[in-house]
$ cat final-v8.pdb   # PDB, C-alpha atoms and all ligand atoms
ATOM      1  CA  MET A  87     103.946 104.263  79.871
ATOM      2  CA  ARG A  88     105.219 102.019  82.745
ATOM      3  CA  ASN A  89     102.118  99.810  83.067
ATOM      4  CA  PHE A  90      98.751  99.768  81.326
ATOM      5  CA  ILE A  91      96.128  99.785  84.048
ATOM      6  CA  SER A  92      93.531 102.310  82.906
ATOM      7  CA  VAL A  93      92.696 104.229  79.739
ATOM      8  CA  ASP A  94      92.681 107.319  81.988
ATOM      9  CA  GLN A  95      96.488 107.134  81.889
ATOM     10  CA  LEU A  96      96.520 107.954  78.185
ATOM     11  CA  SER A  97      96.044 111.410  76.692
ATOM     12  CA  ASN A  98      93.698 111.632  73.712
ATOM     13  CA  LYS A  99      96.766 111.889  71.485
ATOM     14  CA  GLU A 100      98.206 108.696  72.986
ATOM     15  CA  ILE A 101      94.891 106.873  72.455
ATOM     16  CA  TYR A 102      94.948 107.801  68.750
ATOM     17  CA  SER A 103      98.565 106.692  68.528
ATOM     18  CA  VAL A 104      97.698 103.215  69.944
ATOM     19  CA  LEU A 105      94.765 102.945  67.495
ATOM     20  CA  LYS A 106      97.087 103.812  64.622
ATOM     21  CA  LYS A 107      99.651 101.271  65.784
ATOM     22  CA  ALA A 108      96.943  98.583  66.012
ATOM     23  CA  GLU A 109      95.900  99.296  62.418
ATOM     24  CA  TYR A 110      99.550  98.916  61.423
ATOM     25  CA  TYR A 111      99.764  95.487  63.098
ATOM     26  CA  ARG A 112      96.535  94.483  61.384
ATOM     27  CA  LEU A 113      98.159  95.036  58.004
ATOM     28  CA  LYS A 114     101.772  94.022  58.628
ATOM     29  CA  ASP A 115     103.369  91.072  60.381
ATOM     30  CA  PHE A 116     106.372  91.991  62.515
ATOM     31  CA  GLN A 117     108.353  89.855  64.922
ATOM     32  CA  VAL A 118     110.886  90.715  67.574
ATOM     33  CA  ASP A 119     114.406  89.473  66.915
ATOM     34  CA  HIS A 120     115.285  88.149  70.369
ATOM     35  CA  GLN A 121     113.860  85.962  73.083
ATOM     36  CA  LEU A 122     111.289  87.583  75.376
ATOM     37  CA  PHE A 123     108.872  85.827  77.729
ATOM     38  CA  VAL A 124     105.347  86.911  78.590
ATOM     39  CA  ALA A 125     102.959  85.395  81.137
ATOM     40  CA  ASN A 126      99.178  85.712  81.067
ATOM     41  CA  LEU A 127      98.074  85.397  84.693
ATOM     42  CA  PHE A 128      94.311  84.942  84.545
ATOM     43  CA  PHE A 129      92.614  84.345  87.898
ATOM     44  CA  GLU A 130      89.144  84.703  86.337
ATOM     45  CA  PRO A 131      87.646  82.886  83.328
ATOM     46  CA  SER A 132      88.429  84.248  79.880
ATOM     47  CA  THR A 133      88.161  83.097  76.287
ATOM     48  CA  ARG A 134      88.548  86.183  74.073
ATOM     49  CA  THR A 135      90.867  88.344  76.128
ATOM     50  CA  LYS A 136      93.320  85.572  77.009
ATOM     51  CA  THR A 137      93.340  84.059  73.523
ATOM     52  CA  SER A 138      93.755  87.393  71.772
ATOM     53  CA  PHE A 139      96.676  88.271  74.048
ATOM     54  CA  THR A 140      98.202  84.874  73.252
ATOM     55  CA  VAL A 141      97.697  85.219  69.489
ATOM     56  CA  GLY A 142      99.100  88.768  69.600
ATOM     57  CA  GLN A 143     102.110  87.571  71.597
ATOM     58  CA  ARG A 144     102.810  84.700  69.204
ATOM     59  CA  LYS A 145     102.402  86.941  66.161
ATOM     60  CA  LEU A 146     105.022  89.243  67.677
ATOM     61  CA  GLY A 147     107.369  86.314  68.334
ATOM     62  CA  LEU A 148     107.068  86.580  72.131
ATOM     63  CA  GLU A 149     107.254  83.328  74.089
ATOM     64  CA  VAL A 150     104.138  82.670  76.144
ATOM     65  CA  LEU A 151     104.645  81.060  79.556
ATOM     66  CA  ASP A 152     102.035  78.588  80.677
ATOM     67  CA  PHE A 153      99.823  79.491  83.654
ATOM     68  CA  HIS A 154      96.469  78.059  84.705
ATOM     69  CA  SER A 155      95.404  79.238  88.143
ATOM     70  CA  GLU A 156      93.482  76.007  88.777
ATOM     71  CA  THR A 157      96.658  73.864  88.428
ATOM     72  CA  SER A 158      99.094  76.393  89.910
ATOM     73  CA  SER A 159     100.365  77.077  93.437
ATOM     74  CA  VAL A 160      97.355  79.392  93.843
ATOM     75  CA  LEU A 161      95.653  76.181  95.027
ATOM     76  CA  LYS A 162      98.300  75.971  97.787
ATOM     77  CA  GLY A 163      97.383  79.481  98.901
ATOM     78  CA  GLU A 164      99.953  81.497  96.937
ATOM     79  CA  SER A 165      98.903  85.124  96.581
ATOM     80  CA  LEU A 166      98.720  87.202  93.406
ATOM     81  CA  TYR A 167     101.733  89.162  94.644
ATOM     82  CA  ASP A 168     103.877  86.033  95.124
ATOM     83  CA  THR A 169     102.715  84.573  91.827
ATOM     84  CA  ALA A 170     103.708  87.774  90.000
ATOM     85  CA  LYS A 171     107.088  87.949  91.830
ATOM     86  CA  THR A 172     107.701  84.292  90.908
ATOM     87  CA  PHE A 173     107.160  84.926  87.200
ATOM     88  CA  GLU A 174     109.370  88.011  87.362
ATOM     89  CA  SER A 175     112.180  86.009  89.052
ATOM     90  CA  ILE A 176     111.926  83.137  86.596
ATOM     91  CA  GLY A 177     112.374  85.484  83.663
ATOM     92  CA  ALA A 178     109.051  86.884  82.431
ATOM     93  CA  ASN A 179     109.596  90.189  80.629
ATOM     94  CA  MET A 180     105.955  91.292  80.906
ATOM     95  CA  LEU A 181     102.821  90.210  82.802
ATOM     96  CA  VAL A 182      99.207  90.350  81.666
ATOM     97  CA  ILE A 183      96.872  90.016  84.664
ATOM     98  CA  ARG A 184      93.135  89.483  85.170
ATOM     99  CA  HIS A 185      91.887  89.248  88.741
ATOM    100  CA  GLU A 186      88.538  89.568  90.510
ATOM    101  CA  ALA A 187      89.735  92.335  92.885
ATOM    102  CA  ASP A 188      88.863  95.869  91.677
ATOM    103  CA  ASP A 189      92.208  97.187  92.913
ATOM    104  CA  TRP A 190      94.627  94.257  92.495
ATOM    105  CA  PHE A 191      97.069  96.499  90.732
ATOM    106  CA  TYR A 192      97.998  98.557  93.798
ATOM    107  CA  GLN A 193      99.709  95.651  95.543
ATOM    108  CA  LEU A 194     102.075  95.261  92.568
ATOM    109  CA  GLU A 195     102.683  98.895  91.679
ATOM    110  CA  ASN A 196     106.383  99.796  91.978
ATOM    111  CA  LYS A 197     107.157  96.282  93.252
ATOM    112  CA  LEU A 198     108.056  94.709  89.903
ATOM    113  CA  SER A 199     110.817  95.427  87.413
ATOM    114  CA  ILE A 200     108.684  94.447  84.402
ATOM    115  CA  PRO A 201     105.597  96.011  82.777
ATOM    116  CA  ILE A 202     102.080  94.900  83.741
ATOM    117  CA  ILE A 203      98.920  95.031  81.641
ATOM    118  CA  ASN A 204      95.448  95.018  83.175
ATOM    119  CA  ALA A 205      93.318  92.388  81.400
ATOM    120  CA  GLY A 206      90.353  92.989  83.740
ATOM    121  CA  ALA A 207      90.100  94.212  87.322
ATOM    122  CA  GLY A 208      86.933  93.136  89.153
ATOM    123  CA  LYS A 209      84.111  95.427  88.101
ATOM    124  CA  ALA A 210      86.401  98.449  87.976
ATOM    125  CA  GLU A 211      88.379  98.511  84.724
ATOM    126  CA  HIS A 212      88.949  96.647  81.459
ATOM    127  CA  PRO A 213      91.209  99.009  79.548
ATOM    128  CA  THR A 214      92.253  96.745  76.655
ATOM    129  CA  GLN A 215      88.561  95.989  75.956
ATOM    130  CA  CYS A 216      87.917  99.716  75.933
ATOM    131  CA  MET A 217      90.764 100.285  73.460
ATOM    132  CA  LEU A 218      89.472  97.594  71.090
ATOM    133  CA  ASP A 219      85.987  99.096  71.353
ATOM    134  CA  LEU A 220      87.445 102.497  70.462
ATOM    135  CA  LEU A 221      89.233 100.953  67.484
ATOM    136  CA  THR A 222      85.987  99.347  66.295
ATOM    137  CA  ILE A 223      84.112 102.669  66.525
ATOM    138  CA  PHE A 224      86.976 104.537  64.875
ATOM    139  CA  GLN A 225      87.058 102.095  61.943
ATOM    140  CA  GLU A 226      83.328 102.609  61.458
ATOM    141  CA  PHE A 227      82.920 106.359  61.882
ATOM    142  CA  GLY A 228      86.455 107.724  61.445
ATOM    143  CA  GLY A 229      86.313 109.502  64.836
ATOM    144  CA  PHE A 230      84.311 110.037  68.012
ATOM    145  CA  GLN A 231      83.127 113.657  67.954
ATOM    146  CA  GLY A 232      79.326 113.754  68.223
ATOM    147  CA  ILE A 233      78.942 109.958  67.908
ATOM    148  CA  LYS A 234      76.008 108.856  70.058
ATOM    149  CA  VAL A 235      76.885 105.774  72.102
ATOM    150  CA  ALA A 236      74.301 103.996  74.262
ATOM    151  CA  ILE A 237      75.763 101.525  76.758
ATOM    152  CA  VAL A 238      72.985  99.112  77.652
ATOM    153  CA  GLY A 239      72.641  96.407  80.293
ATOM    154  CA  ASP A 240      74.159  95.457  83.622
ATOM    155  CA  ILE A 241      76.071  98.729  84.067
ATOM    156  CA  LYS A 242      76.458  98.256  87.808
ATOM    157  CA  HIS A 243      78.656  95.161  87.522
ATOM    158  CA  SER A 244      80.452  96.027  84.283
ATOM    159  CA  ARG A 245      84.125  96.951  84.140
ATOM    160  CA  VAL A 246      83.657  97.449  80.386
ATOM    161  CA  ALA A 247      81.090 100.219  80.951
ATOM    162  CA  ARG A 248      83.288 101.973  83.485
ATOM    163  CA  SER A 249      86.358 101.968  81.201
ATOM    164  CA  ASN A 250      84.371 103.071  78.153
ATOM    165  CA  VAL A 251      82.344 105.938  79.613
ATOM    166  CA  SER A 252      85.219 108.242  80.486
ATOM    167  CA  ALA A 253      87.291 107.458  77.396
ATOM    168  CA  LEU A 254      84.385 107.986  74.988
ATOM    169  CA  GLN A 255      83.262 111.189  76.679
ATOM    170  CA  ARG A 256      86.639 112.841  76.527
ATOM    171  CA  LEU A 257      87.060 111.839  72.883
ATOM    172  CA  GLY A 258      83.872 113.784  72.143
ATOM    173  CA  ALA A 259      81.221 111.052  71.968
ATOM    174  CA  GLU A 260      77.772 111.600  73.514
ATOM    175  CA  VAL A 261      77.339 108.741  75.944
ATOM    176  CA  CYS A 262      74.021 107.551  77.436
ATOM    177  CA  LEU A 263      73.323 104.593  79.681
ATOM    178  CA  CYS A 264      70.352 102.261  79.776
ATOM    179  CA  ALA A 265      69.781  99.693  82.492
ATOM    180  CA  ALA A 266      67.075  97.589  84.085
ATOM    181  CA  SER A 267      66.097  98.670  87.560
ATOM    182  CA  GLY A 268      68.873  97.639  89.969
ATOM    183  CA  PHE A 269      71.529  97.543  87.231
ATOM    184  CA  GLU A 270      72.239 101.302  87.285
ATOM    185  CA  ASP A 271      75.453 102.757  88.668
ATOM    186  CA  ASP A 272      74.917 106.141  90.279
ATOM    187  CA  ASP A 273      78.653 106.874  90.423
ATOM    188  CA  LEU A 274      78.708 107.395  86.671
ATOM    189  CA  GLU A 275      77.598 110.885  85.749
ATOM    190  CA  VAL A 276      75.839 109.960  82.541
ATOM    191  CA  PRO A 277      72.139 110.304  81.658
ATOM    192  CA  TYR A 278      69.961 107.192  81.612
ATOM    193  CA  ILE A 279      67.503 106.656  78.760
ATOM    194  CA  SER A 280      65.041 103.866  77.870
ATOM    195  CA  ILE A 281      66.008 101.023  75.531
ATOM    196  CA  ASP A 282      63.553 102.374  72.943
ATOM    197  CA  GLU A 283      65.161 105.831  72.990
ATOM    198  CA  ALA A 284      68.588 104.180  72.851
ATOM    199  CA  VAL A 285      67.891 102.109  69.739
ATOM    200  CA  GLN A 286      66.291 105.006  67.877
ATOM    201  CA  ASN A 287      68.944 107.629  68.560
ATOM    202  CA  CYS A 288      72.308 105.930  68.895
ATOM    203  CA  ASP A 289      75.058 105.371  66.360
ATOM    204  CA  VAL A 290      76.596 102.694  68.564
ATOM    205  CA  LEU A 291      74.531 100.337  70.700
ATOM    206  CA  MET A 292      76.972  98.766  73.144
ATOM    207  CA  LEU A 293      75.226  95.858  74.854
ATOM    208  CA  LEU A 294      76.507  94.284  78.059
ATOM    209  CA  ARG A 295      76.106  90.809  79.490
ATOM    210  CA  ILE A 296      74.220  90.323  82.726
ATOM    211  CA  GLN A 297      77.172  89.548  85.020
ATOM    212  CA  TYR A 298      75.449  86.873  87.134
ATOM    213  CA  GLU A 299      78.727  85.897  88.824
ATOM    214  CA  ARG A 300      78.910  89.330  90.481
ATOM    215  CA  HIS A 301      75.333  89.416  91.757
ATOM    216  CA  GLN A 302      74.686  88.964  95.461
ATOM    217  CA  GLN A 303      71.379  87.225  94.813
ATOM    218  CA  HIS A 304      69.664  85.324  91.999
ATOM    219  CA  THR A 305      68.611  87.574  89.112
ATOM    220  CA  GLU A 306      65.416  86.646  87.291
ATOM    221  CA  THR A 307      65.793  87.265  83.562
ATOM    222  CA  MET A 308      62.406  86.085  82.284
ATOM    223  CA  ASN A 309      61.124  88.757  79.844
ATOM    224  CA  TYR A 310      64.468  90.624  80.059
ATOM    225  CA  LEU A 311      64.861  90.592  76.254
ATOM    226  CA  GLU A 312      61.394  92.060  75.665
ATOM    227  CA  GLN A 313      61.735  94.655  78.412
ATOM    228  CA  TYR A 314      65.368  95.723  78.162
ATOM    229  CA  GLY A 315      67.122  93.860  75.356
ATOM    230  CA  LEU A 316      67.668  94.164  71.612
ATOM    231  CA  THR A 317      64.744  92.379  69.978
ATOM    232  CA  LYS A 318      64.310  92.061  66.217
ATOM    233  CA  ALA A 319      61.590  94.747  66.340
ATOM    234  CA  ARG A 320      63.942  97.182  68.089
ATOM    235  CA  GLU A 321      66.798  96.445  65.672
ATOM    236  CA  LYS A 322      64.511  97.620  62.828
ATOM    237  CA  GLN A 323      64.217 101.002  64.550
ATOM    238  CA  MET A 324      67.981 101.586  64.619
ATOM    239  CA  LYS A 325      69.525 104.197  62.326
ATOM    240  CA  LYS A 326      70.690 102.902  58.946
ATOM    241  CA  ASN A 327      74.412 103.168  59.750
ATOM    242  CA  ALA A 328      74.224 102.367  63.448
ATOM    243  CA  ILE A 329      76.205  99.414  64.754
ATOM    244  CA  ILE A 330      75.746  96.831  67.516
ATOM    245  CA  MET A 331      78.647  96.036  69.827
ATOM    246  CA  HIS A 332      79.039  93.642  72.762
ATOM    247  CA  PRO A 333      82.249  92.660  74.594
ATOM    248  CA  ALA A 334      80.936  89.060  74.785
ATOM    249  CA  PRO A 335      80.392  86.409  75.957
ATOM    250  CA  VAL A 336      76.829  86.992  74.765
ATOM    251  CA  ASN A 337      73.799  85.611  76.566
ATOM    252  CA  ARG A 338      71.891  84.855  73.378
ATOM    253  CA  GLY A 339      68.172  85.507  73.851
ATOM    254  CA  VAL A 340      68.742  87.599  77.002
ATOM    255  CA  GLU A 341      70.389  90.935  76.144
ATOM    256  CA  ILE A 342      70.125  90.322  72.385
ATOM    257  CA  ASP A 343      67.976  88.154  70.135
ATOM    258  CA  SER A 344      70.170  85.255  69.046
ATOM    259  CA  ASP A 345      69.612  85.985  65.330
ATOM    260  CA  LEU A 346      71.010  89.514  65.712
ATOM    261  CA  VAL A 347      74.412  88.405  67.026
ATOM    262  CA  GLU A 348      75.612  87.959  63.435
ATOM    263  CA  CYS A 349      73.331  90.454  61.666
ATOM    264  CA  SER A 350      74.744  93.079  59.279
ATOM    265  CA  LYS A 351      74.831  95.765  61.971
ATOM    266  CA  SER A 352      76.739  93.575  64.418
ATOM    267  CA  ARG A 353      80.436  94.250  64.943
ATOM    268  CA  ILE A 354      80.729  91.700  67.767
ATOM    269  CA  PHE A 355      83.161  89.412  65.932
ATOM    270  CA  ARG A 356      85.066  92.374  64.481
ATOM    271  CA  GLN A 357      85.631  93.543  68.072
ATOM    272  CA  MET A 358      87.249  90.178  68.831
ATOM    273  CA  SER A 359      89.629  90.404  65.841
ATOM    274  CA  ASN A 360      90.479  93.981  66.766
ATOM    275  CA  GLY A 361      91.390  92.706  70.230
ATOM    276  CA  VAL A 362      94.440  90.932  68.808
ATOM    277  CA  TYR A 363      95.840  94.055  67.117
ATOM    278  CA  ILE A 364      95.070  96.478  69.911
ATOM    279  CA  ARG A 365      96.780  94.174  72.422
ATOM    280  CA  MET A 366      99.809  93.844  70.123
ATOM    281  CA  ALA A 367     100.009  97.641  69.980
ATOM    282  CA  ILE A 368      99.772  98.014  73.767
ATOM    283  CA  MET A 369     102.352  95.297  74.465
ATOM    284  CA  MET A 370     104.812  96.784  71.970
ATOM    285  CA  GLN A 371     104.278 100.271  73.348
ATOM    286  CA  LEU A 372     105.198  99.078  76.855
ATOM    287  CA  LEU A 373     108.237  97.075  75.713
ATOM    288  CA  GLU A 374     109.473 100.141  73.818
ATOM    289  CA  ASP A 375     108.754 102.542  76.680
ATOM    290  CA  TRP A 376     110.740 100.310  79.059
ATOM    291  CA  GLY A 377     113.633 100.180  76.603
ATOM    292  CA  ILE A 378     113.261  96.387  76.357
ATOM    293  CA  LEU A 379     112.835  96.799  72.598
ATOM    294  CA  ASN A 380     113.465  99.507  70.053
ATOM    295  CA  GLU A 381     112.518  99.820  66.392
ATOM    296  CA  ASN A 382     115.672  97.930  65.331
ATOM    297  CA  ASN A 383     114.481  94.825  67.155
ATOM    298  CA  PHE A 384     111.744  94.050  64.632
ATOM    299  CA  LYS A 385     111.913  92.041  61.493
ATOM    300  CA  GLU A 386     109.095  91.670  58.998
ATOM    301  CA  ARG A 387     107.844  88.129  59.026
ATOM    302  CA  LYS A 388     107.635  86.319  55.746
ATOM    303  CA  THR A 389     104.071  85.107  55.793
ATOM    304  CA  PHE A 390     102.694  82.822  53.129
ATOM    305  CA  ALA A 391     101.041  85.828  51.476
ATOM    306  CA  ALA A 392     104.290  87.846  51.545
ATOM    307  CA  VAL A 393     106.298  84.986  50.006
ATOM    308  CA  LYS A 394     103.916  84.629  47.051
TER     309      LYS A 394
HETATM  310  C1  LIG B 401      84.097  91.081  79.458
HETATM  311  C2  LIG B 401      84.807  90.930  80.785
HETATM  312  O1  LIG B 401      85.382  89.891  81.090
HETATM  313  O2  LIG B 401      84.787  91.907  81.487
HETATM  314  N1  LIG B 401      84.441  90.117  78.515
HETATM  315  C3  LIG B 401      85.575  90.275  77.804
HETATM  316  O3  LIG B 401      86.640  90.514  78.334
HETATM  317  N2  LIG B 401      85.449  90.205  76.465
HETATM  318  C4  LIG B 401      82.639  91.246  79.630
HETATM  319  C5  LIG B 401      81.867  90.139  80.251
HETATM  320  O4  LIG B 401      82.412  89.204  80.827
HETATM  321  O5  LIG B 401      80.637  90.210  80.166
END
$ encode --input "final-v8.pdb" --output "structure tokens"
Amino acid sequence: MRNFISVDQLSNKEIYSVLKKAEYYRLKDFQVDHQLFVANLFFEPSTRTKTSFTVGQRKLGLEVLDFHSETSSVLKGESLYDTAKTFESIGANMLVIRHEADDWFYQLENKLSIPIINAGAGKAEHPTQCMLDLLTIFQEFGGFQGIKVAIVGDIKHSRVARSNVSALQRLGAEVCLCAASGFEDDDLEVPYISIDEAVQNCDVLMLLRIQYERHQQHTETMNYLEQYGLTKAREKQMKKNAIIMHPAPVNRGVEIDSDLVECSKSRIFRQMSNGVYIRMAIMMQLLEDWGILNENNFKERKTFAAVK
């Protein structure tokens, strides 16, 4: 793998191999044995994705270069391309990029001598979120074949939905969508069902945030929870072993009743922890594939638990 831009790049076998690697990093602490720099170039807000990349990088012993778009030369008009070239020239060994353009990647493709990871591209793709979602489902059900996944919410503006639909379908899951009027995306060839059908039939209820920042006009969300969201009454209709997922940030009381965010069916915080390990696995895969690292470049870290 040269860059990680879309889950579509990976075969099913490669997806399983990344999931396995992530589980390995969850259980063992390994660090690289020489100095490598990584920059997280986020041009859009982020809490979970950026922090989990940073924690994963530090756990692996990678040195994280500081970048905040609001205090960088972006304010002087520097483009994404020149920012990326600058970090490459200064010595970054890998770039993690989030940008509001759906296709930002194409201006960098084949122009850099270091690997790039897509941490969110407009409303088009969010492949590391998809991989952590797959890991969360895999941990729960041991596979994907026949698992019924309902993706519910603002499908039209969601890069998470777009990345997940194709990956889940080809791994054998039965995917359905559910959206309020105006939030559908007709490009996705997936059946739409009502929220009540979704809660009753699914094994995985994947809720999405209303992405206000991508709407052309004001969206009224009064009564959204009752009409389209996960209320306490609907949660009671879910199957016994079904789980609730959400990439977060959560609009409590809009797409989900606030009390359900931490209920026993919720895997929302588990998804966040999984984000660290999945991103470690993806970063290591790229550094290995580029020949920047090989298996001899790792040493097991003596953690407090290991020393005991
Ligand atoms: C998502 C994103 O940024 O696309 N969040 C995330 O990365 N965990 C979803 C969202 O913002 O609603």
$ resolve_selection --input "final-v8.pdb" --expression "the PyMOL selection byres (((chain A and resi 93-105) around 9) and not hetatm)" --output "PyMOL selection string"
chain A and resi 87+90-92+106-110+211-214+216-218+220-221+224+249-250+252-253+256-257+363-364+367-368+371
$ write_last_selection --input "final-v8.pdb" --atoms "C-alpha atoms" --output "short mmCIF file (atom, residue, chain, number, x, y, z; two decimals), in the coordinates of the input"
data_model
loop_
_atom_site.label_atom_id
_atom_site.label_comp_id
_atom_site.auth_asym_id
_atom_site.auth_seq_id
_atom_site.Cartn_x
_atom_site.Cartn_y
_atom_site.Cartn_z
CA MET A 87 103.95 104.26 79.87
CA PHE A 90 98.75 99.77 81.33
CA ILE A 91 96.13 99.78 84.05
CA SER A 92 93.53 102.31 82.91
CA LYS A 106 97.09 103.81 64.62
CA LYS A 107 99.65 101.27 65.78
CA ALA A 108 96.94 98.58 66.01
CA GLU A 109 95.90 99.30 62.42
CA TYR A 110 99.55 98.92 61.42
CA GLU A 211 88.38 98.51 84.72
CA HIS A 212 88.95 96.65 81.46
CA PRO A 213 91.21 99.01 79.55
CA THR A 214 92.25 96.74 76.66
CA CYS A 216 87.92 99.72 75.93
CA MET A 217 90.76 100.28 73.46
CA LEU A 218 89.47 97.59 71.09
CA LEU A 220 87.44 102.50 70.46
CA LEU A 221 89.23 100.95 67.48
CA PHE A 224 86.98 104.54 64.88
CA SER A 249 86.36 101.97 81.20
CA ASN A 250 84.37 103.07 78.15
CA SER A 252 85.22 108.24 80.49
CA ALA A 253 87.29 107.46 77.40
CA ARG A 256 86.64 112.84 76.53
CA LEU A 257 87.06 111.84 72.88
CA TYR A 363 95.84 94.06 67.12
CA ILE A 364 95.07 96.48 69.91
CA ALA A 367 100.01 97.64 69.98
CA ILE A 368 99.77 98.01 73.77
CA GLN A 371 104.28 100.27 73.35
#
$ resolve_selection --input "final-v8.pdb" --expression "the PyMOL selection byres (((chain A and resi 123) around 10) and not hetatm)" --output "list of chain:residue names"
A:Gln121, A:Leu122, A:Val124, A:Ala125, A:Gln143, A:Gly147, A:Leu148, A:Glu149, A:Val150, A:Leu151, A:Phe173, A:Glu174, A:Ile176, A:Gly177, A:Ala178, A:Asn179, A:Met180, A:Leu181
$ residues_around --input "final-v8.pdb" --residues "A:Ile241" --least-positions-apart "4" --cutoff "7 Å" --atoms "all atoms listed in the file" --output "PyMOL selection string"
chain A and resi 247+265+269-271
$ closest_residue --input "final-v8.pdb" --among "A:Gly377, A:Phe227, A:Asp219, A:Ile183" --to "A:Ala207" --atoms "only C-alpha atoms"
A:Ile183
$ closest_atom_pairs --input "final-v8.pdb" --of "chain A" --to "ligand LIG 401 (chain B)" --cutoff "8 Å" --atoms "only C-alpha atoms and all ligand atoms" --output "Markdown table"
| residue | atom | partner | partner_atom | distance |
| --- | --- | --- | --- | --- |
| A:Pro131 | CA | B:LIG401 | O1 | 7.7 |
| A:Ser132 | CA | B:LIG401 | O1 | 6.5 |
| A:Thr133 | CA | B:LIG401 | N2 | 7.6 |
| A:Arg134 | CA | B:LIG401 | N2 | 5.6 |
| A:Thr135 | CA | B:LIG401 | O3 | 5.2 |
| A:Ala205 | CA | B:LIG401 | O3 | 7.6 |
| A:Gly206 | CA | B:LIG401 | O2 | 6.1 |
| A:Lys209 | CA | B:LIG401 | O2 | 7.5 |
| A:His212 | CA | B:LIG401 | O2 | 6.3 |
| A:Gln215 | CA | B:LIG401 | O3 | 6.3 |
| A:Ser244 | CA | B:LIG401 | O2 | 6.6 |
| A:Arg245 | CA | B:LIG401 | O2 | 5.7 |
| A:Val246 | CA | B:LIG401 | O2 | 5.8 |
| A:Leu294 | CA | B:LIG401 | O5 | 6.2 |
| A:Arg295 | CA | B:LIG401 | O5 | 4.6 |
| A:Ile296 | CA | B:LIG401 | O5 | 6.9 |
| A:Gln297 | CA | B:LIG401 | O5 | 6.0 |
| A:Pro333 | CA | B:LIG401 | N2 | 4.4 |
| A:Ala334 | CA | B:LIG401 | N2 | 4.9 |
| A:Pro335 | CA | B:LIG401 | O5 | 5.7 |
| A:Val336 | CA | B:LIG401 | O5 | 7.4 |
| A:Met358 | CA | B:LIG401 | N2 | 7.8 |
$ residues_around --input "final-v8.pdb" --residues "stretch 153-166 of chain A" --least-positions-apart "5" --cutoff "7 Å" --atoms "all atoms listed in the file" --output "list in words"
Asn126, Leu127, Phe128 and Phe129 of chain A
$ resolve_selection --input "final-v8.pdb" --expression "the PyMOL selection byres (((chain A and resi 146) around 10) and not hetatm)" --output "PyMOL selection string"
chain A and resi 111+115-119+140-145+147-149+366+369-370+384-387
$ build_atoms --input "final-v8.pdb" --residues "stretch 332-344 of chain A" --atoms "N, CA and C atoms" --output "CSV table (one decimal), keeping the file's coordinate frame"
chain,number,residue,atom,x,y,z
A,332,HIS,N,79.2,94.4,71.5
A,332,HIS,CA,79.0,93.6,72.8
A,332,HIS,C,80.4,93.1,73.1
A,333,PRO,N,80.9,93.2,74.3
A,333,PRO,CA,82.2,92.7,74.6
A,333,PRO,C,82.3,91.1,74.6
A,334,ALA,N,81.1,90.5,74.7
A,334,ALA,CA,80.9,89.1,74.8
A,334,ALA,C,81.7,88.5,76.0
A,335,PRO,N,81.3,87.3,76.5
A,335,PRO,CA,80.4,86.4,76.0
A,335,PRO,C,79.0,86.9,76.0
A,336,VAL,N,78.2,86.5,74.9
A,336,VAL,CA,76.8,87.0,74.8
A,336,VAL,C,75.9,86.0,75.4
A,337,ASN,N,74.9,86.5,76.1
A,337,ASN,CA,73.8,85.6,76.6
A,337,ASN,C,72.8,85.7,75.5
A,338,ARG,N,72.8,84.8,74.5
A,338,ARG,CA,71.9,84.9,73.4
A,338,ARG,C,70.5,84.7,73.9
A,339,GLY,N,69.6,85.6,73.4
A,339,GLY,CA,68.2,85.5,73.9
A,339,GLY,C,67.9,86.2,75.2
A,340,VAL,N,69.0,86.8,75.8
A,340,VAL,CA,68.7,87.6,77.0
A,340,VAL,C,69.0,89.1,76.7
A,341,GLU,N,70.2,89.5,76.5
A,341,GLU,CA,70.4,90.9,76.1
A,341,GLU,C,70.2,91.2,74.6
A,342,ILE,N,70.3,90.2,73.8
A,342,ILE,CA,70.1,90.3,72.4
A,342,ILE,C,69.4,89.1,71.8
A,343,ASP,N,68.6,89.3,70.8
A,343,ASP,CA,68.0,88.2,70.1
A,343,ASP,C,69.1,87.4,69.4
A,344,SER,N,69.1,86.1,69.6
A,344,SER,CA,70.2,85.3,69.0
A,344,SER,C,70.5,85.5,67.6
